[in-house]
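Visitor: See input-v9.cif below, with mmCIF, C-alpha atoms.
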```
data_coords
loop_
_atom_site.label_atom_id
_atom_site.label_comp_id
_atom_site.auth_asym_id
_atom_site.auth_seq_id
_atom_site.Cartn_x
_atom_site.Cartn_y
_atom_site.Cartn_z
CA MET A 1 23.80 34.53 31.80
CA ALA A 2 24.87 38.13 32.33
CA THR A 3 23.21 41.04 34.07
CA GLN A 4 22.19 44.09 32.12
CA GLU A 5 24.50 47.07 32.39
CA HIS A 6 21.94 49.77 33.12
CA PRO A 7 20.71 50.02 36.72
CA ILE A 8 17.53 48.30 37.85
CA PRO A 9 14.75 50.93 37.88
CA ARG A 10 13.68 52.33 41.23
CA PHE A 11 10.62 50.83 42.88
CA PRO A 12 7.95 52.95 44.62
CA ALA A 13 8.73 54.52 47.99
CA GLY A 14 8.05 52.14 50.86
CA PHE A 15 8.67 49.03 48.75
CA LEU A 16 9.66 46.16 51.07
CA TRP A 17 12.87 44.27 50.30
CA GLY A 18 13.63 41.03 52.10
CA VAL A 19 14.77 37.41 52.15
CA SER A 20 12.91 34.23 53.15
CA THR A 21 13.65 30.97 54.97
CA SER A 22 11.61 28.24 56.67
CA ALA A 23 11.96 26.64 60.08
CA HIS A 24 12.42 23.00 59.14
CA GLN A 25 14.97 23.86 56.49
CA ILE A 26 17.34 25.88 58.69
CA GLU A 27 16.63 25.57 62.43
CA GLY A 28 17.95 22.12 63.32
CA ALA A 29 17.70 21.41 67.07
CA ALA A 30 15.25 18.64 66.23
CA ASP A 31 15.68 17.08 69.67
CA GLU A 32 14.43 20.29 71.27
CA ARG A 33 10.96 20.17 69.72
CA GLU A 34 8.17 17.74 68.94
CA ARG A 35 8.45 15.63 65.80
CA SER A 36 6.95 16.81 62.53
CA VAL A 37 5.80 14.87 59.49
CA TRP A 38 9.12 15.73 57.88
CA ASP A 39 11.06 14.01 60.67
CA THR A 40 9.04 10.85 60.04
CA PHE A 41 9.38 11.16 56.27
CA THR A 42 13.14 11.69 56.21
CA ALA A 43 13.68 8.75 58.59
CA GLU A 44 12.32 6.40 55.90
CA PRO A 45 15.10 5.11 53.59
CA GLY A 46 14.87 6.39 50.04
CA ARG A 47 12.66 9.38 50.78
CA VAL A 48 15.49 11.96 50.57
CA LYS A 49 17.89 11.69 47.65
CA ASP A 50 21.09 12.04 49.68
CA GLY A 51 19.71 10.22 52.71
CA SER A 52 20.03 13.30 54.89
CA THR A 53 17.71 14.82 57.49
CA ALA A 54 17.16 18.30 58.90
CA ALA A 55 18.10 17.28 62.44
CA VAL A 56 20.91 19.87 62.40
CA ALA A 57 20.36 21.69 59.07
CA CYS A 58 21.97 25.16 59.44
CA ASP A 59 21.63 25.06 63.25
CA HIS A 60 19.87 28.42 63.05
CA TYR A 61 18.22 27.65 66.40
CA HIS A 62 21.59 28.08 68.12
CA ARG A 63 23.20 30.49 65.63
CA TYR A 64 20.32 32.89 65.04
CA ARG A 65 22.29 35.90 66.28
CA GLU A 66 24.95 35.29 63.64
CA ASP A 67 22.23 34.96 61.01
CA VAL A 68 20.51 38.17 62.09
CA SER A 69 23.89 39.89 61.74
CA LEU A 70 24.01 38.63 58.16
CA LEU A 71 20.54 40.08 57.58
CA ALA A 72 21.56 43.43 59.05
CA GLY A 73 24.71 43.48 56.94
CA LEU A 74 22.71 42.67 53.84
CA GLY A 75 20.51 45.68 54.49
CA VAL A 76 17.09 44.08 53.98
CA ASP A 77 13.97 45.74 55.31
CA ALA A 78 12.35 42.46 56.37
CA TYR A 79 13.00 38.81 57.10
CA ARG A 80 10.39 36.21 56.28
CA PHE A 81 10.88 33.13 58.45
CA SER A 82 8.47 30.42 59.54
CA VAL A 83 7.36 29.44 63.01
CA SER A 84 7.63 25.72 63.72
CA TRP A 85 4.30 24.42 65.04
CA PRO A 86 6.05 21.36 66.55
CA ARG A 87 8.48 23.68 68.39
CA VAL A 88 5.70 25.88 69.72
CA ARG A 89 4.04 22.73 71.11
CA SER A 90 7.25 21.96 73.03
CA GLU A 91 8.11 23.42 76.41
CA GLY A 92 9.68 26.83 75.96
CA GLY A 93 9.31 26.62 72.19
CA LEU A 94 7.89 30.11 71.82
CA ASP A 95 10.83 31.50 73.77
CA PHE A 96 13.06 30.96 70.74
CA TYR A 97 10.82 33.07 68.53
CA ASP A 98 10.66 35.73 71.24
CA ARG A 99 14.46 35.93 71.16
CA LEU A 100 14.59 35.88 67.36
CA VAL A 101 12.01 38.65 67.01
CA ASP A 102 13.78 40.78 69.63
CA GLU A 103 17.08 40.33 67.81
CA LEU A 104 15.51 41.29 64.47
CA VAL A 105 13.81 44.37 65.88
CA ALA A 106 17.06 45.48 67.54
CA ALA A 107 18.82 45.08 64.16
CA GLY A 108 16.18 47.17 62.38
CA VAL A 109 14.85 44.22 60.38
CA ARG A 110 11.09 43.71 60.24
CA PRO A 111 10.03 40.19 61.31
CA VAL A 112 7.53 38.56 58.93
CA PRO A 113 6.53 35.12 60.28
CA THR A 114 4.87 32.43 58.20
CA LEU A 115 2.74 30.30 60.51
CA PHE A 116 2.71 27.04 58.54
CA HIS A 117 5.44 25.90 56.17
CA TRP A 118 4.71 22.17 55.76
CA ASP A 119 5.97 20.91 59.16
CA LEU A 120 2.76 19.54 60.68
CA PRO A 121 3.20 18.01 64.15
CA VAL A 122 3.11 14.21 64.03
CA ALA A 123 0.46 14.26 66.75
CA PHE A 124 -2.01 15.79 64.29
CA GLN A 125 -0.90 13.66 61.36
CA GLU A 126 -1.73 10.58 63.43
CA LYS A 127 -5.30 11.91 63.63
CA GLY A 128 -5.55 12.36 59.86
CA GLY A 129 -3.54 15.54 59.30
CA TRP A 130 -4.83 17.99 56.72
CA LEU A 131 -7.27 15.41 55.42
CA GLU A 132 -9.27 16.10 58.60
CA ARG A 133 -11.20 19.29 59.21
CA ASP A 134 -10.17 19.41 62.88
CA THR A 135 -6.56 20.19 61.89
CA ALA A 136 -7.71 23.59 60.60
CA SER A 137 -9.24 24.38 63.99
CA ARG A 138 -6.13 23.24 65.85
CA PHE A 139 -4.07 25.44 63.52
CA ALA A 140 -6.14 28.49 64.44
CA GLU A 141 -5.58 27.79 68.15
CA TYR A 142 -1.83 27.63 67.59
CA VAL A 143 -1.93 30.87 65.56
CA SER A 144 -3.66 32.61 68.47
CA LEU A 145 -0.88 31.51 70.83
CA VAL A 146 1.83 32.83 68.52
CA ALA A 147 0.01 36.12 67.86
CA ASP A 148 -0.59 36.74 71.55
CA ARG A 149 3.11 36.23 72.27
CA LEU A 150 4.68 38.06 69.33
CA GLY A 151 2.00 40.48 68.15
CA ASP A 152 3.40 43.43 70.09
CA ARG A 153 6.46 43.39 67.79
CA VAL A 154 5.28 41.55 64.67
CA LYS A 155 3.04 43.58 62.37
CA LYS A 156 3.15 41.61 59.10
CA TRP A 157 1.93 37.98 59.09
CA ILE A 158 1.69 35.14 56.57
CA THR A 159 -0.71 32.31 57.34
CA VAL A 160 0.28 29.29 55.21
CA ASN A 161 2.95 28.65 52.60
CA GLU A 162 2.26 26.94 49.28
CA PRO A 163 -0.77 24.80 50.05
CA ALA A 164 -0.70 23.73 46.38
CA GLU A 165 2.72 22.07 46.69
CA HIS A 166 1.90 20.59 50.09
CA THR A 167 -1.24 19.05 48.60
CA LEU A 168 0.31 17.87 45.33
CA PHE A 169 3.74 16.69 46.48
CA GLY A 170 2.84 15.64 50.03
CA HIS A 171 -0.64 14.15 49.66
CA ALA A 172 -1.20 13.35 45.97
CA LEU A 173 2.20 12.17 44.67
CA GLY A 174 3.98 11.17 47.89
CA ALA A 175 7.22 12.96 46.99
CA HIS A 176 7.13 15.11 50.14
CA ALA A 177 5.93 14.55 53.69
CA PRO A 178 3.59 13.09 54.77
CA GLY A 179 4.27 10.85 51.74
CA GLU A 180 0.70 10.00 50.78
CA GLN A 181 -0.13 8.96 47.23
CA LEU A 182 -3.83 9.78 47.10
CA MET A 183 -3.95 11.45 43.69
CA PHE A 184 -7.27 13.34 43.46
CA ASP A 185 -8.38 12.00 46.83
CA ALA A 186 -5.89 14.54 48.23
CA LEU A 187 -8.29 17.43 47.53
CA PRO A 188 -9.57 17.57 51.14
CA ALA A 189 -6.01 18.50 52.18
CA ALA A 190 -6.24 21.53 49.90
CA HIS A 191 -9.61 22.56 51.30
CA HIS A 192 -8.58 22.16 54.92
CA GLN A 193 -5.35 24.13 54.44
CA LEU A 194 -7.37 26.93 52.88
CA LEU A 195 -9.88 26.72 55.73
CA GLY A 196 -6.98 26.81 58.19
CA HIS A 197 -5.76 29.95 56.42
CA GLY A 198 -9.15 31.64 56.82
CA LEU A 199 -9.42 30.66 60.48
CA ALA A 200 -5.87 31.94 61.02
CA VAL A 201 -6.83 35.29 59.49
CA GLN A 202 -9.72 35.50 61.96
CA ALA A 203 -7.42 34.58 64.86
CA LEU A 204 -4.86 37.19 63.83
CA ARG A 205 -7.55 39.88 63.47
CA ALA A 206 -8.81 39.00 66.94
CA ALA A 207 -5.26 39.53 68.22
CA GLY A 208 -5.16 42.99 66.60
CA ALA A 209 -3.17 42.21 63.44
CA THR A 210 -3.74 44.59 60.52
CA ASP A 211 -1.27 43.31 57.89
CA ILE A 212 -2.06 39.71 56.91
CA GLY A 213 -1.50 37.66 53.77
CA ILE A 214 -0.97 34.16 52.39
CA ALA A 215 1.98 32.80 50.36
CA ASN A 216 0.60 30.94 47.35
CA SER A 217 2.82 29.57 44.59
CA HIS A 218 1.84 30.55 41.08
CA GLY A 219 3.22 30.50 37.57
CA PRO A 220 1.92 30.82 34.02
CA THR A 221 0.82 27.60 32.35
CA TRP A 222 1.88 27.32 28.70
CA PRO A 223 0.24 24.70 26.44
CA ALA A 224 2.74 22.48 24.63
CA SER A 225 0.94 23.33 21.37
CA GLN A 226 -2.30 24.90 20.21
CA GLU A 227 -3.79 21.49 19.53
CA GLN A 228 -6.98 20.94 21.53
CA PRO A 229 -5.66 18.06 23.74
CA ASP A 230 -2.66 20.16 24.81
CA VAL A 231 -4.73 23.28 25.42
CA GLU A 232 -7.28 21.36 27.49
CA ALA A 233 -4.54 19.67 29.53
CA ALA A 234 -2.88 23.04 30.19
CA ASP A 235 -6.19 24.58 31.23
CA PHE A 236 -6.76 21.75 33.69
CA TYR A 237 -3.26 22.07 35.14
CA ASP A 238 -3.75 25.83 35.55
CA LEU A 239 -7.06 25.18 37.28
CA LEU A 240 -5.46 22.70 39.66
CA LEU A 241 -2.25 24.55 40.56
CA ASN A 242 -3.26 28.21 40.24
CA ARG A 243 -6.99 28.87 40.37
CA LEU A 244 -7.85 26.15 42.92
CA PHE A 245 -5.82 28.08 45.49
CA ALA A 246 -6.35 31.68 44.35
CA ASP A 247 -10.08 31.74 43.54
CA PRO A 248 -11.33 30.65 46.99
CA VAL A 249 -9.11 33.20 48.74
CA LEU A 250 -9.75 36.11 46.37
CA LEU A 251 -13.25 35.41 45.02
CA GLY A 252 -14.80 33.23 47.72
CA GLU A 253 -15.53 30.43 45.25
CA TYR A 254 -13.93 27.36 43.77
CA PRO A 255 -13.47 27.05 40.02
CA SER A 256 -16.44 25.36 38.38
CA GLY A 257 -16.71 21.68 39.24
CA LEU A 258 -14.16 21.63 42.06
CA GLY A 259 -16.33 22.84 44.93
CA GLU A 260 -18.48 19.70 44.71
CA LEU A 261 -15.38 17.59 45.37
CA MET A 262 -14.59 19.29 48.67
CA PRO A 263 -15.75 18.04 52.08
CA GLY A 264 -18.13 19.68 54.54
CA ASP A 265 -20.30 22.78 54.17
CA VAL A 266 -18.25 24.29 51.36
CA ALA A 267 -20.34 27.46 51.01
CA ALA A 268 -19.90 28.29 54.69
CA ASP A 269 -16.21 27.43 54.59
CA LEU A 270 -15.63 29.69 51.60
CA LYS A 271 -16.84 32.67 53.60
CA VAL A 272 -14.03 31.94 56.06
CA ILE A 273 -11.45 31.15 53.40
CA SER A 274 -12.12 34.48 51.67
CA GLU A 275 -11.58 36.64 54.76
CA PRO A 276 -10.21 39.96 53.40
CA LEU A 277 -6.43 40.15 53.16
CA ASP A 278 -4.05 43.10 53.34
CA PHE A 279 -1.67 41.60 50.79
CA TYR A 280 -1.46 38.56 48.55
CA GLY A 281 1.85 36.70 48.61
CA VAL A 282 3.11 35.09 45.41
CA ASN A 283 5.95 32.56 45.27
CA TYR A 284 7.25 32.53 41.69
CA TYR A 285 9.91 30.30 40.16
CA SER A 286 8.98 29.53 36.55
CA PRO A 287 6.19 28.87 34.04
CA THR A 288 5.10 25.29 33.32
CA ARG A 289 4.73 23.84 29.83
CA VAL A 290 1.88 21.36 29.84
CA GLY A 291 0.54 18.95 27.25
CA ALA A 292 -1.79 16.02 26.93
CA PRO A 293 -0.84 12.86 28.85
CA GLN A 294 1.84 10.79 27.12
CA GLY A 295 0.93 7.37 28.48
CA GLU A 296 4.01 6.96 30.67
CA ASP A 297 5.53 8.36 33.84
CA ILE A 298 7.63 11.50 33.28
CA GLU A 299 10.62 12.61 35.35
CA PHE A 300 10.56 16.38 35.66
CA GLY A 301 12.13 18.82 38.12
CA GLY A 302 13.01 16.07 40.56
CA LEU A 303 9.50 14.61 40.51
CA THR A 304 7.81 11.69 38.86
CA ILE A 305 4.63 12.79 37.07
CA PRO A 306 2.42 9.66 36.91
CA ALA A 307 1.03 8.59 33.56
CA GLU A 308 -2.53 8.48 34.93
CA LEU A 309 -2.68 12.24 35.45
CA PRO A 310 -4.67 14.05 32.73
CA PHE A 311 -1.66 16.14 31.70
CA SER A 312 2.08 15.89 31.15
CA VAL A 313 4.70 18.43 32.20
CA GLN A 314 7.21 19.10 29.43
CA GLU A 315 10.51 20.89 28.99
CA ILE A 316 10.48 24.56 27.98
CA GLU A 317 12.96 24.63 25.13
CA ASN A 318 15.65 27.21 24.37
CA VAL A 319 15.83 28.79 27.82
CA PRO A 320 18.56 28.48 30.45
CA VAL A 321 17.96 26.20 33.43
CA THR A 322 19.13 26.29 37.04
CA ASP A 323 21.19 23.54 38.63
CA PHE A 324 17.84 22.08 39.68
CA GLY A 325 16.78 21.92 36.03
CA TRP A 326 14.14 24.61 36.45
CA PRO A 327 13.67 26.94 33.46
CA VAL A 328 14.76 30.55 33.88
CA VAL A 329 11.97 32.71 32.46
CA PRO A 330 11.83 36.16 34.11
CA GLU A 331 9.12 37.40 31.74
CA GLY A 332 6.85 34.73 33.20
CA LEU A 333 6.66 36.80 36.38
CA THR A 334 5.40 39.84 34.46
CA GLU A 335 2.92 37.64 32.60
CA LEU A 336 1.66 36.06 35.82
CA LEU A 337 1.13 39.31 37.70
CA THR A 338 -0.54 41.16 34.84
CA ALA A 339 -2.84 38.16 34.29
CA PHE A 340 -3.80 38.14 37.97
CA HIS A 341 -4.40 41.89 37.83
CA GLU A 342 -6.72 41.40 34.87
CA ARG A 343 -8.49 38.29 36.24
CA TYR A 344 -9.13 39.44 39.80
CA GLY A 345 -9.32 43.21 39.44
CA ASP A 346 -10.13 45.00 42.67
CA ARG A 347 -10.43 41.64 44.47
CA LEU A 348 -6.65 41.31 44.28
CA PRO A 349 -4.98 43.03 47.26
CA PRO A 350 -1.52 44.55 46.95
CA VAL A 351 0.93 41.83 45.92
CA VAL A 352 4.14 40.82 47.69
CA ILE A 353 6.57 38.41 46.01
CA THR A 354 7.15 36.20 49.03
CA GLU A 355 9.62 33.86 47.28
CA ASN A 356 11.76 34.05 44.17
CA GLY A 357 15.12 32.40 43.77
CA CYS A 358 17.23 29.68 42.20
CA SER A 359 19.61 26.82 42.89
CA TYR A 360 23.21 27.25 41.75
CA GLU A 361 26.51 25.96 43.07
CA GLY A 362 29.47 28.10 44.02
CA VAL A 363 30.25 31.18 46.06
CA ASP A 364 30.96 33.30 42.96
CA ASP A 365 27.38 32.71 41.84
CA GLN A 366 27.07 34.93 38.79
CA ASP A 367 24.17 32.87 37.44
CA ARG A 368 22.14 33.65 40.57
CA ILE A 369 22.93 37.35 40.15
CA ALA A 370 21.70 37.21 36.55
CA TYR A 371 18.57 35.33 37.64
CA LEU A 372 17.68 37.87 40.34
CA ASP A 373 18.53 40.81 38.10
CA GLY A 374 16.20 39.51 35.39
CA HIS A 375 13.34 38.73 37.73
CA ILE A 376 13.48 42.05 39.58
CA ARG A 377 13.40 43.88 36.23
CA ALA A 378 10.42 41.71 35.21
CA LEU A 379 8.74 42.63 38.48
CA HIS A 380 9.27 46.30 37.76
CA ARG A 381 7.62 45.88 34.36
CA ALA A 382 4.56 44.51 36.15
CA VAL A 383 4.54 47.60 38.38
CA GLU A 384 4.74 49.80 35.28
CA ALA A 385 1.78 47.84 33.84
CA GLY A 386 -0.34 48.83 36.83
CA VAL A 387 0.06 45.91 39.24
CA ASP A 388 0.21 47.09 42.86
CA VAL A 389 3.34 45.29 44.07
CA ARG A 390 4.57 46.19 47.55
CA GLY A 391 7.52 43.89 48.22
CA TYR A 392 10.02 41.26 47.08
CA PHE A 393 11.67 38.48 49.10
CA VAL A 394 14.58 36.42 47.75
CA TRP A 395 14.57 32.71 48.46
CA SER A 396 16.75 32.20 50.37
CA LEU A 397 19.02 33.85 52.91
CA MET A 398 21.23 30.76 53.16
CA ASP A 399 21.73 27.32 51.73
CA ASN A 400 19.53 24.86 53.58
CA PHE A 401 17.82 21.47 53.67
CA GLU A 402 15.97 21.37 50.36
CA TRP A 403 13.23 18.91 51.29
CA ALA A 404 13.40 15.63 49.30
CA GLU A 405 16.60 16.86 47.59
CA GLY A 406 18.42 17.00 50.93
CA TYR A 407 21.50 19.23 50.80
CA ALA A 408 22.06 18.79 47.07
CA ARG A 409 20.49 22.12 46.07
CA ARG A 410 21.79 25.53 47.10
CA PHE A 411 19.36 28.46 46.99
CA GLY A 412 21.17 30.77 49.42
CA LEU A 413 22.75 34.20 49.17
CA VAL A 414 24.99 32.82 51.92
CA HIS A 415 26.94 29.59 51.48
CA VAL A 416 26.69 27.10 54.35
CA ASP A 417 29.32 24.42 54.89
CA PHE A 418 27.13 21.65 56.27
CA GLU A 419 30.08 20.01 58.03
CA THR A 420 31.39 23.06 59.90
CA LEU A 421 28.21 25.21 59.58
CA ALA A 422 30.41 28.15 58.56
CA ARG A 423 28.54 30.90 56.73
CA THR A 424 30.15 32.61 53.74
CA PRO A 425 28.33 35.41 51.88
CA LYS A 426 28.29 34.76 48.13
CA ALA A 427 28.73 37.22 45.30
CA SER A 428 24.93 37.42 45.09
CA TYR A 429 24.81 38.62 48.70
CA ALA A 430 27.03 41.59 47.80
CA TRP A 431 25.01 42.21 44.63
CA TYR A 432 21.71 42.30 46.53
CA GLN A 433 23.31 44.51 49.16
CA GLU A 434 24.26 47.05 46.48
CA LEU A 435 20.81 46.84 44.90
CA LEU A 436 19.18 47.68 48.22
CA ARG A 437 21.48 50.67 48.74
CA ALA A 438 20.62 51.95 45.27
CA GLN A 439 16.88 51.62 45.91
CA ARG A 440 16.99 53.93 48.94
#
```
So, in terms of structure tokens, how does the structure I just supplied come out?
Guide:
Amino acid sequence: MATQEHPIPRFPAGFLWGVSTSAHQIEGAADERERSVWDTFTAEPGRVKDGSTAAVACDHYHRYREDVSLLAGLGVDAYRFSVSWPRVRSEGGLDFYDRLVDELVAAGVRPVPTLFHWDLPVAFQEKGGWLERDTASRFAEYVSLVADRLGDRVKKWITVNEPAEHTLFGHALGAHAPGEQLMFDALPAAHHQLLGHGLAVQALRAAGATDIGIANSHGPTWPASQEQPDVEAADFYDLLLNRLFADPVLLGEYPSGLGELMPGDVAADLKVISEPLDFYGVNYYSPTRVGAPQGEDIEFGGLTIPAELPFSVQEIENVPVTDFGWPVVPEGLTELLTAFHERYGDRLPPVVITENGCSYEGVDDQDRIAYLDGHIRALHRAVEAGVDVRGYFVWSLMDNFEWAEGYARRFGLVHVDFETLARTPKASYAWYQELLRAQR
């Protein structure tokens, strides 16, 4: 892949440029916090492809000042990180985030915390985790603690990250922590994460926050053909992975037929889930090509798609792929955002791309530069089409622990040597640095 020669068009004044990470993937210092479901999961043989854990990861907990210097040198406006709920439950755990936020503010980088990025404390998992309604209430209590401590310096907040993936991979298919294989019995985990989001919005408002959003993953769903079985399978997949998580937040309702499958007083819960937001975060990586079930398990994108699901995920032909095997389709981002703009209208708040990135090896990572170049241009086309987009965050600042893939996938603008923990900015770091200078 090669970047286009003409400059990327300028985005509107005040557009927020940043990078993202998550606590479990970079912090390390696992012995200085409570255990999370990911600690339990990675301790089980065979769960992580290279047998690794995030006990040390990038050791960001001890090297955060060096990492903030990298952020300042990059020239980003904002840094999206996540707060570890297990760390906050440990003695002095909030002190780390106090220090991190102070360091960011001093460097002129806006802190943007995500309050849940998949690392549920084991203590709550033992009581049923996200399958239990009480977890949403406990989440709101934790959010209040964090907001009270950091709210004088933090202005932009994200409640939960990718509840769709945490439900599908963690509770339905068992590929991620907590490793449950419940299939459609995992739906309560989706509802309770969304309820936790709504309760967190209320807790943040009570603490005085005025800039709150969620980070939902979305992508266009393309039918494998125009034959009715493929179209129906694609519609169902889109319902399950896109609308199930967007409609309750933006419209205050579940797609037809799904609300009856959720636990509790769903109508009352939806009023909480649809608390008004100041922005809607979108994590975008690629479209998904979906067809009718093929009668056998399918290996795709590092996952096993069971034969009993009412759809199959299929390869998108004639497009480049990342080292992870994910298709590179920048125009899918334009398609997604314009479709959301049309579907949700004035119910869609301003959009922030809270994650977009790719896995490639090497420090001279020209393929990553081409990927980011293409996707940022696609984002600008969505702006030109009338979508109110306010920000873009690259995933990720640095190479990290990539969940069930271990350290085999590198998404960072900064290379991390996981033996020495040395940080080395890649070619994409310098490219993004120049882009940011040109946008100002």
Visitor: Taking 2 positions as the minimum chain separation for residues in the same chain, which residues sit within 10 Å of A:Glu405 when counting all atoms listed in the file? Answer as a list in words.
Guide: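 In the requested format, the answer is Arg47, Val48, Lys49, Asp50, Gly51, Ser52, His176, Gly302, Phe324, Phe401, Glu402, Trp403, Tyr407, Ala408 and Arg409 of chain A.
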Visitor: How far is it from atom CA of A:Ala177 to atom CA of A:Phe245, in Å with one decimal?
Guide: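 These atoms are spaced 19.7 Å apart.
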Visitor: Which protein, DNA or RNA residues have an atom at most 10 Å from (-0.8, 45.4, 54.8), counting only C-alpha atoms? List them as a ChimeraX atom specification.
Guide: /A:155-157,209-213,277-280,349-352,390
Visitor: Excluding A:Leu435 and its own-chain neighbours fewer than 2 positions away, which residues fall within 10 Å of it when counting all atoms listed in the file? Please give them as a list in words.
Guide: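 Selected residues are Pro7, Ile8, Arg10, Trp17, Gly75, Asp373, Tyr429, Ala430, Trp431, Tyr432, Gln433, Arg437, Ala438, Gln439 and Arg440 of chain A.
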Visitor: Dump as JSON, numbers by chain all residues having an atom at most 7 Å from (5.3, 20.6, 64.6), computed in the file's coordinates with all atoms listed in the file.
Guide: {"A": [34, 35, 36, 84, 85, 86, 87, 89, 119, 120, 121, 122]}
Visitor: Using only C-alpha atoms, which protein or nucleic acid residues come within 10 Å of A:Phe418? Drop anything in the same chain fewer than 6 positions from it, and give the result as a list in words.
Guide: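 Once the adjacent positions are removed, what remains is Val56, Ala57, Cys58, Asp59, Asp399, Asn400, Phe401 and Tyr407 of chain A.
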Visitor: Quick one, how far is atom CA of A:Glu275 from atom CA of A:Asp185?
Guide: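 The value is 26.1 Å.
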Visitor: With the PyMOL selection byres ((chain A and resi 132) around 12) as the selection, what would be picked from this file? Answer as number ranges by chain, please.
Guide: A: 124-131, 133-139, 186-193, 195-196, 262-264
Visitor: Would you pick out the contacts of A:Ser256 at 12 Å or less, using all atoms listed in the file, so that residues sharing its chain but fewer than 4 positions from it are not included, and give the list as number ranges by chain?
Guide: A: 236, 239-240, 243-244, 247-248, 260-261
Visitor: Counting all atoms listed in the file, which residue out of A:Ala147, A:Leu70, A:Ala23, A:Ala292 sits closest to A:Gln228?
Guide: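 Residue with the minimum atom-to-atom distance to A:Gln228: A:Ala292.
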Visitor: Let me know the residues the PyMOL selection byres ((chain A and resi 335) around 10) catches in the file above, as JSON, numbers by chain.
Guide: {"A": [219, 220, 287, 330, 331, 332, 333, 334, 336, 337, 338, 339, 340, 341, 378, 379, 381, 382]}
Visitor: Show me, as AutoDock Vina command-line options, the centre and edge lengths in Å to one decimal of the axis-aligned box that covers every listed atom of stretch 295-307 of chain A with 8 Å on each side.
Guide:
```
--center_x 7.0 --center_y 12.9 --center_z 34.5 --size_x 28.1 --size_y 27.9 --size_z 28.1
```
Visitor: Identify which of the residues A:Ala267, A:Ala175, A:Tyr284, A:Pro45 lies closest to A:Glu162, counting all atoms listed in the file when measuring atom-to-atom distances.
Guide: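 When distances to A:Glu162 are compared using all atoms listed in the file, the smallest one comes from A:Tyr284.
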Visitor: Would you please work out which residue, of A:Asp31, A:Asp269, A:Glu342, A:Asp95, is nearest to A:Val387 when using all atoms listed in the file?
Guide: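 So, comparing all the options, the nearest one is A:Glu342.
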Visitor: Between atom CA of A:Pro223 and atom CA of A:Ile316, measure the distance and give it in Å to one decimal.
Guide: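 Separation of atom CA of A:Pro223 and atom CA of A:Ile316: 10.4 Å.
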Visitor: So that I can see what lies close to A:Val313, please list as an NGL selection string the residues with an atom at most 10 Å from it, counting all atoms listed in the file and leaving out residues fewer than 2 positions away in the same chain.
Guide: :A and (221-224 or 233-234 or 237 or 288-294 or 298-301 or 304-305 or 311 or 315-316)
Visitor: Would you mind telling me which residue in A:Pro229, A:Gly174, A:Pro327, A:Pro425 lies nearest to A:Pro310 when using all atoms listed in the file?
Guide: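 Once distances to A:Pro310 are computed over all atoms listed in the file, the minimum belongs to A:Pro229.
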Visitor: Would you mind telling me which residue in A:Val37, A:Gln226, A:Asp148, A:Pro9 lies nearest to A:His380 when using all atoms listed in the file?
Guide: A:Pro9
